[in-house]
Structures are given as C-alpha cells and as structure tokens.
$ cat run-v3.cif   # mmCIF, C-alpha atoms and all ligand atoms
data_upload
loop_
_atom_site.label_atom_id
_atom_site.label_comp_id
_atom_site.auth_asym_id
_atom_site.auth_seq_id
_atom_site.Cartn_x
_atom_site.Cartn_y
_atom_site.Cartn_z
CA MET A 1 26.83 6.77 19.69
CA ASN A 2 24.80 4.19 17.83
CA PHE A 3 22.04 2.37 19.68
CA GLU A 4 23.72 -1.04 19.52
CA LEU A 5 26.98 0.22 21.02
CA TRP A 6 25.07 2.22 23.62
CA ALA A 7 23.09 -0.88 24.72
CA GLN A 8 26.25 -3.01 24.84
CA ARG A 9 28.06 -0.46 27.01
CA LEU A 10 25.08 -0.32 29.37
CA ASN A 11 25.07 -4.11 29.53
CA THR A 12 28.73 -4.19 30.45
CA VAL A 13 28.50 -1.57 33.19
CA LEU A 14 25.38 -3.24 34.62
CA ILE A 15 26.91 -6.72 34.59
CA GLN A 16 30.14 -5.48 36.21
CA ASN A 17 28.29 -3.73 39.03
CA GLN A 18 25.33 -6.01 39.63
CA SER A 19 26.16 -6.66 43.28
CA LEU A 20 25.67 -2.91 43.86
CA TRP A 21 22.34 -2.33 42.10
CA ARG A 22 20.85 -5.63 43.22
CA HIS A 23 21.52 -4.81 46.86
CA ASN A 24 18.44 -3.65 48.75
CA ALA A 25 19.58 -1.48 51.67
CA TYR A 26 16.07 -1.51 53.17
CA SER A 27 15.97 -5.25 53.77
CA ASN A 28 19.69 -6.09 54.02
CA PHE A 29 21.02 -3.63 56.52
CA THR A 30 23.64 -5.75 58.26
CA ALA A 31 26.19 -5.69 55.40
CA SER A 32 26.48 -3.47 52.38
CA PRO A 33 28.51 -3.98 49.18
CA ILE A 34 30.06 -0.54 49.74
CA ASP A 35 31.41 -1.46 53.20
CA ASP A 36 34.93 -1.52 51.71
CA ASN A 37 34.60 2.07 50.45
CA ALA A 38 34.52 4.08 53.67
CA VAL A 39 34.90 7.44 51.90
CA LEU A 40 31.79 6.77 49.83
CA GLY A 41 29.85 5.56 52.89
CA ASP A 42 30.88 8.67 54.86
CA PHE A 43 29.83 10.95 51.98
CA LEU A 44 26.40 9.30 51.70
CA LEU A 45 25.68 9.18 55.43
CA ALA A 46 26.63 12.84 55.86
CA LEU A 47 24.02 14.08 53.34
CA ASN A 48 21.45 16.30 55.02
CA ASP A 49 17.74 15.78 54.29
CA ASP A 50 17.54 18.47 51.58
CA GLU A 51 20.64 17.22 49.76
CA PHE A 52 19.37 13.65 49.98
CA ALA A 53 15.94 14.58 48.59
CA GLN A 54 17.54 16.49 45.71
CA LEU A 55 19.84 13.60 44.75
CA GLN A 56 17.06 11.03 45.11
CA ARG A 57 15.06 12.97 42.51
CA ASN A 58 17.75 13.80 39.98
CA ASP A 59 19.95 11.20 38.29
CA GLN A 60 22.33 13.73 36.73
CA GLN A 61 22.99 15.50 40.00
CA LEU A 62 23.33 12.21 41.86
CA LEU A 63 25.98 10.87 39.48
CA THR A 64 27.82 14.19 39.35
CA ARG A 65 28.07 14.31 43.14
CA LEU A 66 29.18 10.64 43.29
CA ILE A 67 32.07 11.03 40.83
CA PRO A 68 34.80 11.83 43.42
CA TYR A 69 33.92 8.73 45.49
CA PHE A 70 32.50 6.21 43.04
CA PRO A 71 34.38 5.56 39.76
CA PRO A 72 31.47 3.95 37.79
CA ALA A 73 29.58 7.27 38.09
CA VAL A 74 31.67 8.78 35.26
CA GLU A 75 30.56 6.25 32.65
CA LEU A 76 27.01 6.05 34.01
CA LEU A 77 26.64 9.80 33.67
CA GLU A 78 27.83 9.67 30.08
CA LEU A 79 25.52 6.77 29.23
CA ILE A 80 22.35 8.26 30.71
CA THR A 81 22.73 11.80 29.41
CA ILE A 82 20.17 12.47 26.67
CA THR A 83 19.06 15.78 25.22
CA SER A 84 16.09 16.90 27.26
CA ALA A 85 13.31 19.16 26.05
CA PRO A 86 13.17 22.44 27.98
CA ALA A 87 10.19 22.87 30.29
CA ALA A 88 7.25 23.85 28.05
CA SER A 89 5.18 26.89 28.91
CA HIS A 90 2.21 26.08 31.11
CA ARG A 91 -1.04 25.36 29.26
CA GLU A 92 -4.31 25.51 31.16
CA PRO A 93 -5.93 22.03 31.20
CA PRO A 94 -9.55 21.53 30.08
CA VAL A 95 -12.03 20.89 32.90
CA GLY A 96 -11.60 17.42 34.40
CA ILE A 97 -8.02 16.72 33.29
CA PRO A 98 -5.34 16.83 36.03
CA GLY A 99 -2.93 19.72 35.40
CA ASN A 100 0.20 17.60 35.64
CA LYS A 101 -1.09 15.03 33.14
CA TRP A 102 -2.08 17.81 30.71
CA GLN A 103 1.42 19.35 30.86
CA GLN A 104 2.93 15.91 30.16
CA ILE A 105 0.63 15.47 27.17
CA GLN A 106 1.50 18.89 25.75
CA ALA A 107 5.23 18.21 26.14
CA PHE A 108 4.75 14.79 24.50
CA ILE A 109 3.02 16.39 21.49
CA ASP A 110 5.55 19.24 21.28
CA ALA A 111 8.38 16.70 20.98
CA HIS A 112 7.05 15.45 17.62
CA PRO A 113 7.93 16.75 14.18
CA THR A 114 4.93 18.13 12.34
CA LYS A 115 6.60 19.28 9.13
CA ILE A 116 8.53 17.41 6.46
CA GLY A 117 12.17 18.30 6.98
CA GLU A 118 11.85 18.15 10.77
CA THR A 119 11.43 14.41 10.43
CA GLN A 120 13.96 11.63 9.83
CA ALA A 121 16.35 11.63 6.92
CA ASN A 122 14.18 9.41 4.75
CA GLN A 123 11.53 12.15 4.68
CA ASN A 124 8.75 9.70 5.45
CA PRO A 125 5.56 11.77 5.23
CA ALA A 126 3.88 10.04 8.21
CA LEU A 127 3.78 12.98 10.58
CA LEU A 128 2.10 13.37 13.92
CA ASN A 129 -0.41 15.91 12.67
CA ASN A 130 -1.45 14.27 9.40
CA THR A 131 -1.64 10.52 10.05
CA PRO A 132 -4.70 8.97 11.74
CA ALA A 133 -3.70 7.81 15.18
CA ILE A 134 -4.27 4.91 17.51
CA GLU A 135 -3.81 5.88 21.15
CA TRP A 136 -2.54 2.71 22.79
CA CYS A 137 -3.83 2.03 26.35
CA SER A 138 -5.53 5.38 26.24
CA GLY A 139 -7.25 5.58 29.61
CA LYS A 140 -9.86 8.29 29.06
CA GLY A 141 -8.12 9.37 25.85
CA TYR A 142 -6.66 12.66 27.05
CA LEU A 143 -3.91 12.46 24.44
CA SER A 144 -6.49 11.94 21.68
CA GLU A 145 -8.44 14.88 23.06
CA ALA A 146 -5.32 17.05 22.94
CA LEU A 147 -4.46 15.92 19.40
CA PHE A 148 -7.99 16.67 18.32
CA SER A 149 -7.97 20.13 19.85
CA ARG A 150 -4.58 20.99 18.29
CA TYR A 151 -4.77 19.31 14.90
CA ALA A 152 -8.34 17.97 14.54
CA LEU A 153 -6.59 14.62 14.15
CA ASP A 154 -8.66 11.44 13.68
CA SER A 155 -7.85 8.96 16.39
CA VAL A 156 -9.10 5.87 18.19
CA GLY A 157 -8.12 5.15 21.79
CA LEU A 158 -7.77 1.48 22.76
CA GLU A 159 -8.52 0.83 26.42
CA ILE A 160 -9.43 -2.30 28.38
CA ASP A 161 -11.24 -0.63 31.28
CA ALA A 162 -14.91 -0.10 30.37
CA SER A 163 -15.43 2.72 32.89
CA LEU A 164 -12.51 4.69 31.40
CA VAL A 165 -13.89 4.03 27.90
CA ASP A 166 -17.29 5.41 28.95
CA SER A 167 -15.87 8.49 30.65
CA GLY A 168 -13.55 9.15 27.70
CA ASN A 169 -16.41 8.92 25.21
CA LYS A 170 -18.55 11.23 27.34
CA ARG A 171 -15.72 13.77 27.17
CA ALA A 172 -15.30 13.19 23.43
CA GLY A 173 -19.05 13.67 22.89
CA LYS A 174 -18.71 17.22 24.18
CA SER A 175 -16.04 18.18 21.61
CA ALA A 176 -17.78 19.80 18.64
CA GLY A 177 -17.13 17.93 15.37
CA ARG A 178 -15.23 15.22 17.21
CA THR A 179 -13.12 12.82 15.21
CA TYR A 180 -11.89 10.67 18.05
CA GLN A 181 -13.40 7.93 20.15
CA ILE A 182 -12.30 5.41 22.73
CA VAL A 183 -13.08 1.73 22.18
CA LYS A 184 -12.93 -1.13 24.62
CA CYS A 185 -10.11 -3.34 23.42
CA ASP A 186 -7.58 -5.61 25.07
CA VAL A 187 -4.39 -4.69 23.23
CA LEU A 188 -3.00 -8.14 24.01
CA SER A 189 -5.80 -9.69 21.92
CA GLU A 190 -6.00 -10.11 18.16
CA GLY A 191 -8.81 -7.51 18.26
CA VAL A 192 -6.19 -4.75 17.90
CA PHE A 193 -5.82 -5.61 14.23
CA ASN A 194 -9.35 -4.31 13.66
CA PHE A 195 -7.90 -0.85 14.31
CA VAL A 196 -4.18 -0.90 13.54
CA ASN A 197 -3.08 -0.99 9.91
CA SER A 198 -0.48 0.37 7.52
CA SER A 199 -2.07 3.82 7.46
CA THR A 200 -2.37 4.39 11.22
CA GLN A 201 0.36 5.71 13.45
CA ILE A 202 0.44 4.42 17.05
CA LEU A 203 1.00 6.70 20.03
CA ALA A 204 1.31 5.69 23.66
CA LEU A 205 1.89 7.90 26.63
CA HIS A 206 3.01 5.79 29.58
CA ALA A 207 2.24 2.30 28.35
CA CYS A 208 3.37 -0.32 30.87
CA GLY A 209 6.03 -3.00 30.20
CA GLY A 210 4.46 -5.85 28.26
CA LEU A 211 1.84 -3.51 26.80
CA HIS A 212 4.36 -1.28 25.03
CA GLN A 213 6.28 -4.37 23.92
CA ARG A 214 3.04 -5.64 22.39
CA LEU A 215 2.69 -2.24 20.67
CA LEU A 216 6.02 -2.84 18.94
CA SER A 217 5.18 -6.29 17.65
CA VAL A 218 1.69 -5.23 16.51
CA SER A 219 3.12 -2.17 14.70
CA ALA A 220 5.71 -4.29 12.97
CA THR A 221 3.12 -6.87 11.88
CA ALA A 222 0.68 -4.21 10.67
CA HIS A 223 3.44 -2.09 9.03
CA SER A 224 2.43 1.06 10.91
CA PRO A 225 4.19 4.00 9.29
CA ARG A 226 5.06 5.69 12.58
CA ILE A 227 5.22 4.74 16.26
CA SER A 228 5.76 6.96 19.21
CA PHE A 229 5.74 5.87 22.83
CA SER A 230 6.90 6.76 26.28
CA PRO A 231 7.39 3.55 28.27
CA CYS A 232 6.71 3.02 31.96
CA CYS A 233 6.37 0.25 34.61
CA TYR A 234 8.74 -2.20 32.92
CA HIS A 235 7.85 -4.83 35.54
CA ARG A 236 4.19 -5.09 34.48
CA PHE A 237 2.54 -7.53 32.02
CA ASN A 238 5.83 -9.34 31.42
CA HIS A 239 5.46 -12.88 32.87
CA GLY A 240 7.75 -12.18 35.83
CA GLU A 241 10.92 -10.89 34.20
CA TYR A 242 12.12 -8.71 31.35
CA GLN A 243 11.52 -10.37 27.98
CA ALA A 244 14.15 -9.12 25.55
CA LEU A 245 12.89 -8.40 22.03
CA SER A 246 15.98 -7.61 19.96
CA SER A 247 18.34 -10.34 18.84
CA SER A 248 21.38 -8.74 20.49
CA MET A 249 19.71 -8.23 23.87
CA LYS A 250 18.25 -11.77 23.70
CA ALA A 251 21.84 -12.96 23.40
CA SER A 252 23.07 -10.86 26.34
CA ALA A 253 24.14 -12.40 29.65
CA LEU A 254 22.14 -9.82 31.59
CA SER A 255 18.70 -10.87 32.75
CA LEU A 256 16.43 -8.47 34.63
CA SER A 257 13.98 -9.71 37.24
CA ASN A 258 10.88 -7.74 38.14
CA SER A 259 12.61 -6.60 41.29
CA ASP A 260 15.43 -5.17 39.10
CA LEU A 261 12.83 -3.53 36.85
CA ARG A 262 11.16 -1.89 39.85
CA THR A 263 14.54 -0.28 40.60
CA ALA A 264 14.31 1.41 37.18
CA VAL A 265 11.17 3.28 38.23
CA ARG A 266 12.10 4.09 41.85
CA GLN A 267 11.84 7.83 41.85
CA THR A 268 9.27 9.85 43.73
CA CYS A 269 9.42 13.30 42.11
CA THR A 270 5.72 13.63 41.59
CA ALA A 271 4.36 12.25 44.89
CA GLY A 272 2.66 14.73 47.22
CA ALA A 273 4.06 15.52 50.68
CA GLY A 274 1.34 13.49 52.49
CA GLU A 275 1.90 10.46 50.27
CA THR A 276 5.68 10.68 50.75
CA ALA A 277 5.33 10.95 54.55
CA ALA A 278 3.01 7.91 54.68
CA ARG A 279 5.34 5.88 52.46
CA ARG A 280 8.38 6.76 54.60
CA ARG A 281 6.53 5.94 57.81
CA LEU A 282 5.68 2.50 56.47
CA GLN A 283 9.25 1.97 55.25
CA ALA A 284 10.52 2.83 58.76
CA ARG A 285 8.04 0.34 60.22
CA TYR A 286 9.27 -2.43 57.97
CA ILE A 287 12.85 -1.72 58.98
CA GLY A 288 11.83 -1.69 62.67
CA LEU A 289 10.10 -5.04 62.21
CA ARG A 290 13.12 -6.45 60.36
CA ILE A 291 15.34 -5.41 63.29
CA LEU A 292 13.01 -7.38 65.58
CA LEU A 293 13.05 -10.37 63.20
CA ALA A 294 16.86 -10.34 63.13
CA GLU A 295 17.00 -10.31 66.94
CA GLN A 296 14.80 -13.40 67.01
CA GLY A 297 16.88 -15.31 64.47
CA PHE A 298 14.96 -14.63 61.25
CA ALA A 299 16.66 -13.38 58.06
CA THR A 300 16.42 -9.58 57.69
CA ASP A 301 15.23 -9.99 54.12
CA THR A 302 12.34 -12.31 55.03
CA ALA A 303 9.56 -11.52 52.53
CA LEU A 304 6.82 -9.51 54.24
CA PRO A 305 3.33 -8.65 52.98
CA SER A 306 2.83 -5.12 51.67
CA SER A 307 0.74 -2.50 53.52
CA PRO A 308 -1.82 -0.13 52.03
CA GLN A 309 -0.92 3.50 52.66
CA HIS A 310 -3.61 4.07 55.31
CA TRP A 311 -1.95 1.48 57.56
CA SER A 312 0.70 4.09 58.31
CA LYS A 313 -1.89 5.62 60.65
CA VAL A 314 -2.63 2.58 62.84
CA ARG A 315 -0.65 2.04 66.05
CA PHE A 316 2.75 0.40 65.41
CA ARG A 317 1.94 -2.57 67.66
CA ASP A 318 -1.32 -3.22 65.76
CA TRP A 319 0.47 -2.87 62.44
CA VAL A 320 3.13 -5.42 63.51
CA ASN A 321 0.42 -7.85 64.64
CA GLU A 322 -1.44 -7.46 61.35
CA ILE A 323 1.67 -8.07 59.23
CA LEU A 324 2.76 -11.06 61.31
CA SER A 325 -0.73 -12.60 61.23
CA ARG A 326 -0.54 -12.58 57.42
CA LYS A 327 2.93 -14.07 57.47
CA SER A 328 2.35 -16.78 60.08
CA ILE A 329 5.77 -16.64 61.73
CA ALA A 330 6.26 -17.09 65.47
CA VAL A 331 7.66 -13.78 66.64
CA THR A 332 7.36 -12.64 70.26
CA ILE A 333 6.24 -9.02 70.51
CA PRO A 334 8.36 -7.35 73.22
CA THR A 335 6.84 -4.87 75.68
CA ASN A 336 9.06 -2.10 74.29
CA ILE A 337 7.80 -2.64 70.73
CA ALA A 338 7.34 1.13 70.23
CA GLN A 339 11.11 1.54 70.38
CA TYR A 340 11.46 -0.59 67.27
CA GLU A 341 9.56 2.03 65.32
CA VAL A 342 12.07 4.63 66.53
CA ALA A 343 14.97 2.32 65.57
CA GLY A 344 13.26 1.77 62.20
CA ALA A 345 13.16 5.53 61.54
CA GLN A 346 16.90 5.78 62.25
CA GLY A 347 17.53 2.72 60.07
CA LEU A 348 15.48 4.27 57.27
CA ARG A 349 17.62 7.42 57.24
CA LYS A 350 20.71 5.25 56.75
CA ALA A 351 19.10 2.87 54.23
CA GLU A 352 17.84 5.73 52.06
CA ARG A 353 21.32 7.21 51.80
CA LEU A 354 23.09 3.89 51.10
CA ASP A 355 20.38 3.07 48.55
CA LEU A 356 21.51 6.05 46.47
CA ILE A 357 24.11 3.66 45.04
CA ARG A 358 21.33 1.46 43.67
CA MET A 359 19.60 4.62 42.44
CA ALA A 360 22.77 5.54 40.54
CA PHE A 361 21.98 2.62 38.21
CA ARG A 362 18.21 3.02 37.84
CA ARG A 363 18.28 5.09 34.64
CA ALA A 364 20.86 2.73 33.15
CA ILE A 365 18.50 -0.22 33.77
CA GLU A 366 15.61 1.71 32.24
CA LEU A 367 17.65 2.73 29.19
CA ARG A 368 18.81 -0.83 28.68
CA CYS A 369 15.14 -1.87 28.33
CA VAL A 370 14.28 1.07 26.06
CA LEU A 371 17.30 0.46 23.83
CA ASP A 372 16.18 -3.15 23.47
CA SER A 373 12.87 -1.83 22.08
CA ILE A 374 14.74 0.46 19.70
CA LEU A 375 17.04 -2.32 18.48
CA TYR A 376 13.97 -4.47 17.85
CA LEU A 377 12.33 -1.66 15.86
CA GLN A 378 15.50 -1.23 13.81
CA GLU A 379 15.41 -4.93 13.02
CA GLN A 380 11.83 -4.34 11.83
CA HIS A 381 13.03 -1.58 9.46
CA TYR A 382 12.21 1.50 11.49
CA ASP A 383 14.44 4.57 11.89
CA CYS A 384 14.39 5.56 15.54
CA THR A 385 15.12 8.51 17.77
CA LEU A 386 15.31 8.63 21.55
CA SER A 387 14.77 11.79 23.57
CA GLU A 388 13.43 13.10 26.85
CA PHE A 389 10.15 14.82 26.10
CA CYS A 390 10.02 16.79 29.37
CA PRO A 391 12.11 17.43 32.46
CA SER A 392 12.03 14.59 35.01
CA SER A 393 10.36 16.94 37.50
CA LEU A 394 7.18 16.77 35.35
CA THR A 395 7.40 12.98 35.13
CA PRO A 396 10.46 10.76 35.65
CA ARG A 397 9.04 8.50 32.91
CA ASN A 398 10.07 11.02 30.29
CA LEU A 399 11.79 8.89 27.64
CA LEU A 400 10.26 9.10 24.18
CA VAL A 401 10.94 6.69 21.33
CA GLN A 402 9.84 7.78 17.88
CA ALA A 403 10.11 5.35 15.01
CA VAL A 404 9.35 5.89 11.34
CA LYS A 405 9.05 2.97 8.95
CA ARG A 406 11.74 3.11 6.30
CA ALA A 407 10.30 3.67 2.85
CA ALA A 408 10.52 0.50 0.73
CA ILE A 409 13.23 0.96 -1.92
C1 LIG B 1 -0.37 3.86 32.96
S1 LIG B 1 -2.03 3.97 32.34
C2 LIG B 1 -1.79 5.16 31.08
C3 LIG B 1 -3.05 5.79 30.62
C4 LIG B 1 -2.85 6.99 29.69
N1 LIG B 1 -2.12 6.64 28.52
C5 LIG B 1 -2.19 8.12 30.45
O1 LIG B 1 -1.04 8.43 30.22
O2 LIG B 1 -2.85 8.67 31.32
C6 LIG B 1 -2.17 2.46 31.49
C7 LIG B 1 -3.55 2.20 30.89
O3 LIG B 1 -3.49 0.94 30.23
C8 LIG B 1 -4.75 0.31 30.38
N2 LIG B 1 -4.57 -1.12 30.11
C9 LIG B 1 -4.04 -2.07 30.92
N3 LIG B 1 -4.05 -3.27 30.31
C10 LIG B 1 -4.58 -3.08 29.08
C11 LIG B 1 -4.85 -3.95 27.98
N4 LIG B 1 -4.53 -5.25 28.04
N5 LIG B 1 -5.42 -3.43 26.89
C12 LIG B 1 -5.73 -2.12 26.82
N6 LIG B 1 -5.50 -1.24 27.82
C13 LIG B 1 -4.92 -1.71 28.94
C14 LIG B 1 -5.13 0.63 31.81
O4 LIG B 1 -6.51 0.42 32.05
C15 LIG B 1 -4.69 2.10 31.89
O5 LIG B 1 -5.74 2.96 31.49
#

$ encode --input "run-v3.cif" --output "structure tokens"
Amino acid sequence: MNFELWAQRLNTVLIQNQSLWRHNAYSNFTASPIDDNAVLGDFLLALNDDEFAQLQRNDQQLLTRLIPYFPPAVELLELITITSAPAASHREPPVGIPGNKWQQIQAFIDAHPTKIGETQANQNPALLNNTPAIEWCSGKGYLSEALFSRYALDSVGLEIDASLVDSGNKRAGKSAGRTYQIVKCDVLSEGVFNFVNSSTQILALHACGGLHQRLLSVSATAHSPRISFSPCCYHRFNHGEYQALSSSMKASALSLSNSDLRTAVRQTCTAGAGETAARRRLQARYIGLRILLAEQGFATDTALPSSPQHWSKVRFRDWVNEILSRKSIAVTIPTNIAQYEVAGAQGLRKAERLDLIRMAFRRAIELRCVLDSILYLQEQHYDCTLSEFCPSSLTPRNLLVQAVKRAAI
C-alpha cells in the first residue's frame, strides 16, 4: 500500500470512530460509547488481570481478540501491521549505559542498510556507516558512541541540556581515537545549520514531537542525503496540537489535540512493577475522588491537578485534601472517605478494561502522525521506508522512518 493511501485510510477509520478513541473511561465513567454493544462490554469486563495486562501491552493481540466483538478491529489490524525486526541478540552495554537503552540502540543500528544494494532503488550511496552523522537531540550521545564503536563513524550530537553535553563528552573523551562529540545546541534555533549540511546524515532515536518535525524541515532545507528517526512523544514541542506537515494531511478534516496524541503513546510495557503499582494506585485515587465529586454535583471529568508518583504513599485523606487545596473547589470530605479509595480501585478495574477500546486506536493515531512526516519527506524529494526496528516489548516507540534524498536527474 502506498503511503498516501495508507494515511487516507487511517484518517477515515479515525474520523468514523472518534467518539470511541476520544472517550476517556477514567474520567467519564457514568456513560460509555460502547454501552450499546453489550457483548463487547461483557467480553472486556470478563478479562482477568493477566489477559488484560497482555492486551494492554500488545496492539496486535488486542485487535485480534477484539475482532469477534468489534468490527473496526479488522481494518485497524490491517492498517497497523508492519514488518517488525526480530529481537536482536543481547549485546552487553558499556559501563554507564542502561541495558535497555543499549539494546534499543543496537536494534536501531541493525535496521539500517550498510551496503549499496541493501539501500533504496536509486542506489544513493549515503549509507549509515559511511556518511558523517548528526545525532539529533542526542542526550549523552549513546547512539554516537555506538556508531563510533561499530563503524568509527564521525558524528556530532546536538543536545540542549548542558549537563548531558558534559557527561556525553566525558564519555567520548574516554574512547580512544574518538571522532564524535556532543555540542550544546537548541535544534529549534538557526544554530543547527552550523552542523547540518548536504554531506551529513541525520539520525534521531526517540526525538519528541516538534523536535523530530524540526529535523525534517532542517534536513529538507540543508539537503541532507539521508535521514533516519524514531519518533516519540507526539504531544511535545508542538504548540498544543498536532501540526500537520504534508499538504494532504494539512487538508484533512482530522485534527489531533495533545490529549489525542497522548493516547498514541499510552502503553506501559517498559515500566517497572513498583512504578506500575504507584501509577495504578494514583489512578484509583483519582477515580475515587471523581466518584465523590459526582455525588456532590460536580462533573466527573472536572480537570484535576496531577500528582507526583510519591504521593501514592500518603494517606488517601491527605492526598484528597492536597488535590482539592490546589483546585479550590468546595467539596465536603465525608467521614468514610477511605471507602472512596476502595470504590476507586473497583472503578479502575472497570475503566482499564473499557479503555482497551481507546487503546485499539492508539497505534493508528501514531501511524497517522508518522505517515504525515513521510508524506512531507516525499514532497521534499526523499524516498522513504517505514519499519519497526525492534519488538514493542523493548520499546513501544519502535517505528523507524528512513529517508534517502533522491539523486538529482
Ligand atoms: C527523549 S530524549 C532522547 C535522548 C536520546 N536520543 C535517547 O534516545 O536516549 C530527548 C532529548 O532531547 C533533548 N532536547 C529537548 N529539547 C531540545 C532542543 N530544543 N534542542 C536540542 N535537544 C533538545 C532533551 O534534553 C533530551 O536529551
């Protein structure tokens, strides 16, 4: 399927079903858009904890299980299925680099062609291992470090955070014969053009929303021969909503708010057990508080301030008081307030299962954004490929766009 048709089909399925994926079961628990589909509701509410956790993590399995009860699942499954790289063999990380991040980096590198003939049809010679690289939003430059250790590739990491720049350069200083460095640079500034030019390829592992969009426009302006990025956090650095880049997605009737874009990255495969337990406890507390708000005449979806994770440990009553003091609404705290935490935990179990319907659309929303980037790059005369560079269990943000500038004829 070509990218344009793919994006248009995603648009259509998203527009047709927007009441489903815009419904937040955690804050609107009195009515659900699937109330008229009792068989689907019964299926979801009967899922045991293990089944639920499995489906929450895995889009393919979720859609496959939904097919008998939820007709849109058939097309969604077709539209989100992309060839995925097999799990790469484990490589021991250098000292100081988290193991999971190192495995992601190795899979990212493995997904690139390094020989003419493996690359796109136009045989553009800009290959990963022979074209000086810019690592976009590099953090400490772990990707540059890995490219140096595999290919002795020259690279420059661009990073805004001075402490990450320092730590990255300290690491680089220890690599014998180093050919990479990290520089402090705001990629949103014109300063990037001091580094990016028509002989540098640009690589980005997990560049957030507006930052990877900036990568595309800078690459196009500078005529970079090759671009390669895995996008993440579509809701960040974007002025409050998704900013379409390609002419066809600019013309589309679908607009995506930051709340919609957060849906695209709602997947908790890589969180630890302690983190997951704290997050769920807080979610249950919010639902308990919303039940109380509803009883006292407030809307269940009243906006509430967020809680840092460690607040899951304070007493429920104290937590409620803290949240309400920040919100300034007149709620009477009943003497049996502890029971609202229990009710919240029961409500959470239900909300999580009903929310699987929103989750059924998350990859479609993500792909719609990524295809917009690809269509933009095509307009800028790049040949593009889209793949999954690793299984979602290693990172759910596993989409990889590679683009090679078409040779001028
Ligand atoms: C999601 S992290 C990814 C870091 C690294 N690529 C990785 O995969 O570990 C995003 C990085 O972008 C950096 N960043 C944020 N805004 C930036 C900007 N305007 N210019 C350059 N870097 C920026 C952050 O400091 C952070 O290190």

$ axis_aligned_box --input "run-v3.cif" --around "segment 390-399 of chain A" --padding-each-side "4 Å" --output "lines of an AutoDock Vina configuration file"
center_x = 9.6
center_y = 13.0
center_z = 32.6
size_x = 12.9
size_y = 16.9
size_z = 17.9

$ residues_near_ligand --input "run-v3.cif" --ligand "ligand LIG 1 (chain B)" --cutoff "10 Å" --atoms "all atoms listed in the file" --output "compact mmCIF listing (two decimals) with C-alpha atoms, in the frame of the given file"
# COMPACT_ATOMS: atom_id res chain seq x y z
CA ILE A 97 -8.02 16.72 33.29
CA PRO A 98 -5.34 16.83 36.03
CA LYS A 101 -1.09 15.03 33.14
CA TRP A 102 -2.08 17.81 30.71
CA GLN A 104 2.93 15.91 30.16
CA ILE A 105 0.63 15.47 27.17
CA GLU A 135 -3.81 5.88 21.15
CA TRP A 136 -2.54 2.71 22.79
CA CYS A 137 -3.83 2.03 26.35
CA SER A 138 -5.53 5.38 26.24
CA GLY A 139 -7.25 5.58 29.61
CA LYS A 140 -9.86 8.29 29.06
CA GLY A 141 -8.12 9.37 25.85
CA TYR A 142 -6.66 12.66 27.05
CA LEU A 143 -3.91 12.46 24.44
CA SER A 144 -6.49 11.94 21.68
CA GLY A 157 -8.12 5.15 21.79
CA LEU A 158 -7.77 1.48 22.76
CA GLU A 159 -8.52 0.83 26.42
CA ILE A 160 -9.43 -2.30 28.38
CA ASP A 161 -11.24 -0.63 31.28
CA ALA A 162 -14.91 -0.10 30.37
CA SER A 163 -15.43 2.72 32.89
CA LEU A 164 -12.51 4.69 31.40
CA VAL A 165 -13.89 4.03 27.90
CA VAL A 183 -13.08 1.73 22.18
CA LYS A 184 -12.93 -1.13 24.62
CA CYS A 185 -10.11 -3.34 23.42
CA ASP A 186 -7.58 -5.61 25.07
CA VAL A 187 -4.39 -4.69 23.23
CA LEU A 188 -3.00 -8.14 24.01
CA SER A 189 -5.80 -9.69 21.92
CA VAL A 192 -6.19 -4.75 17.90
CA LEU A 203 1.00 6.70 20.03
CA ALA A 204 1.31 5.69 23.66
CA LEU A 205 1.89 7.90 26.63
CA HIS A 206 3.01 5.79 29.58
CA ALA A 207 2.24 2.30 28.35
CA CYS A 208 3.37 -0.32 30.87
CA GLY A 209 6.03 -3.00 30.20
CA GLY A 210 4.46 -5.85 28.26
CA LEU A 211 1.84 -3.51 26.80
CA HIS A 212 4.36 -1.28 25.03
CA ARG A 214 3.04 -5.64 22.39
CA PHE A 229 5.74 5.87 22.83
CA SER A 230 6.90 6.76 26.28
CA PRO A 231 7.39 3.55 28.27
CA CYS A 232 6.71 3.02 31.96
CA CYS A 233 6.37 0.25 34.61
CA ARG A 236 4.19 -5.09 34.48
CA PHE A 237 2.54 -7.53 32.02

$ closest_residue --input "run-v3.cif" --among "A:Ala73, A:Ala408, A:Val156, A:Leu371" --to "Ala172 of chain A" --atoms "only C-alpha atoms"
A:Val156

$ residues_around --input "run-v3.cif" --residues "segment 31-33 of chain A" --least-positions-apart "4" --cutoff "8 Å" --atoms "only C-alpha atoms" --output "NGL selection string"
:A and (19-20 or 23 or 25)

$ residues_around --input "run-v3.cif" --residues "Thr395 of chain A" --least-positions-apart "3" --cutoff "12 Å" --atoms "all atoms listed in the file" --output "JSON, numbers by chain"
{"A": [57, 58, 87, 100, 101, 102, 103, 104, 105, 107, 108, 205, 206, 230, 231, 232, 265, 267, 268, 269, 270, 271, 388, 389, 390, 391, 392, 398, 399, 400]}

$ closest_residue --input "run-v3.cif" --among "A:Ala85, A:Leu128, A:Leu289, A:Ala220" --to "Arg406 of chain A" --atoms "all atoms listed in the file"
A:Ala220
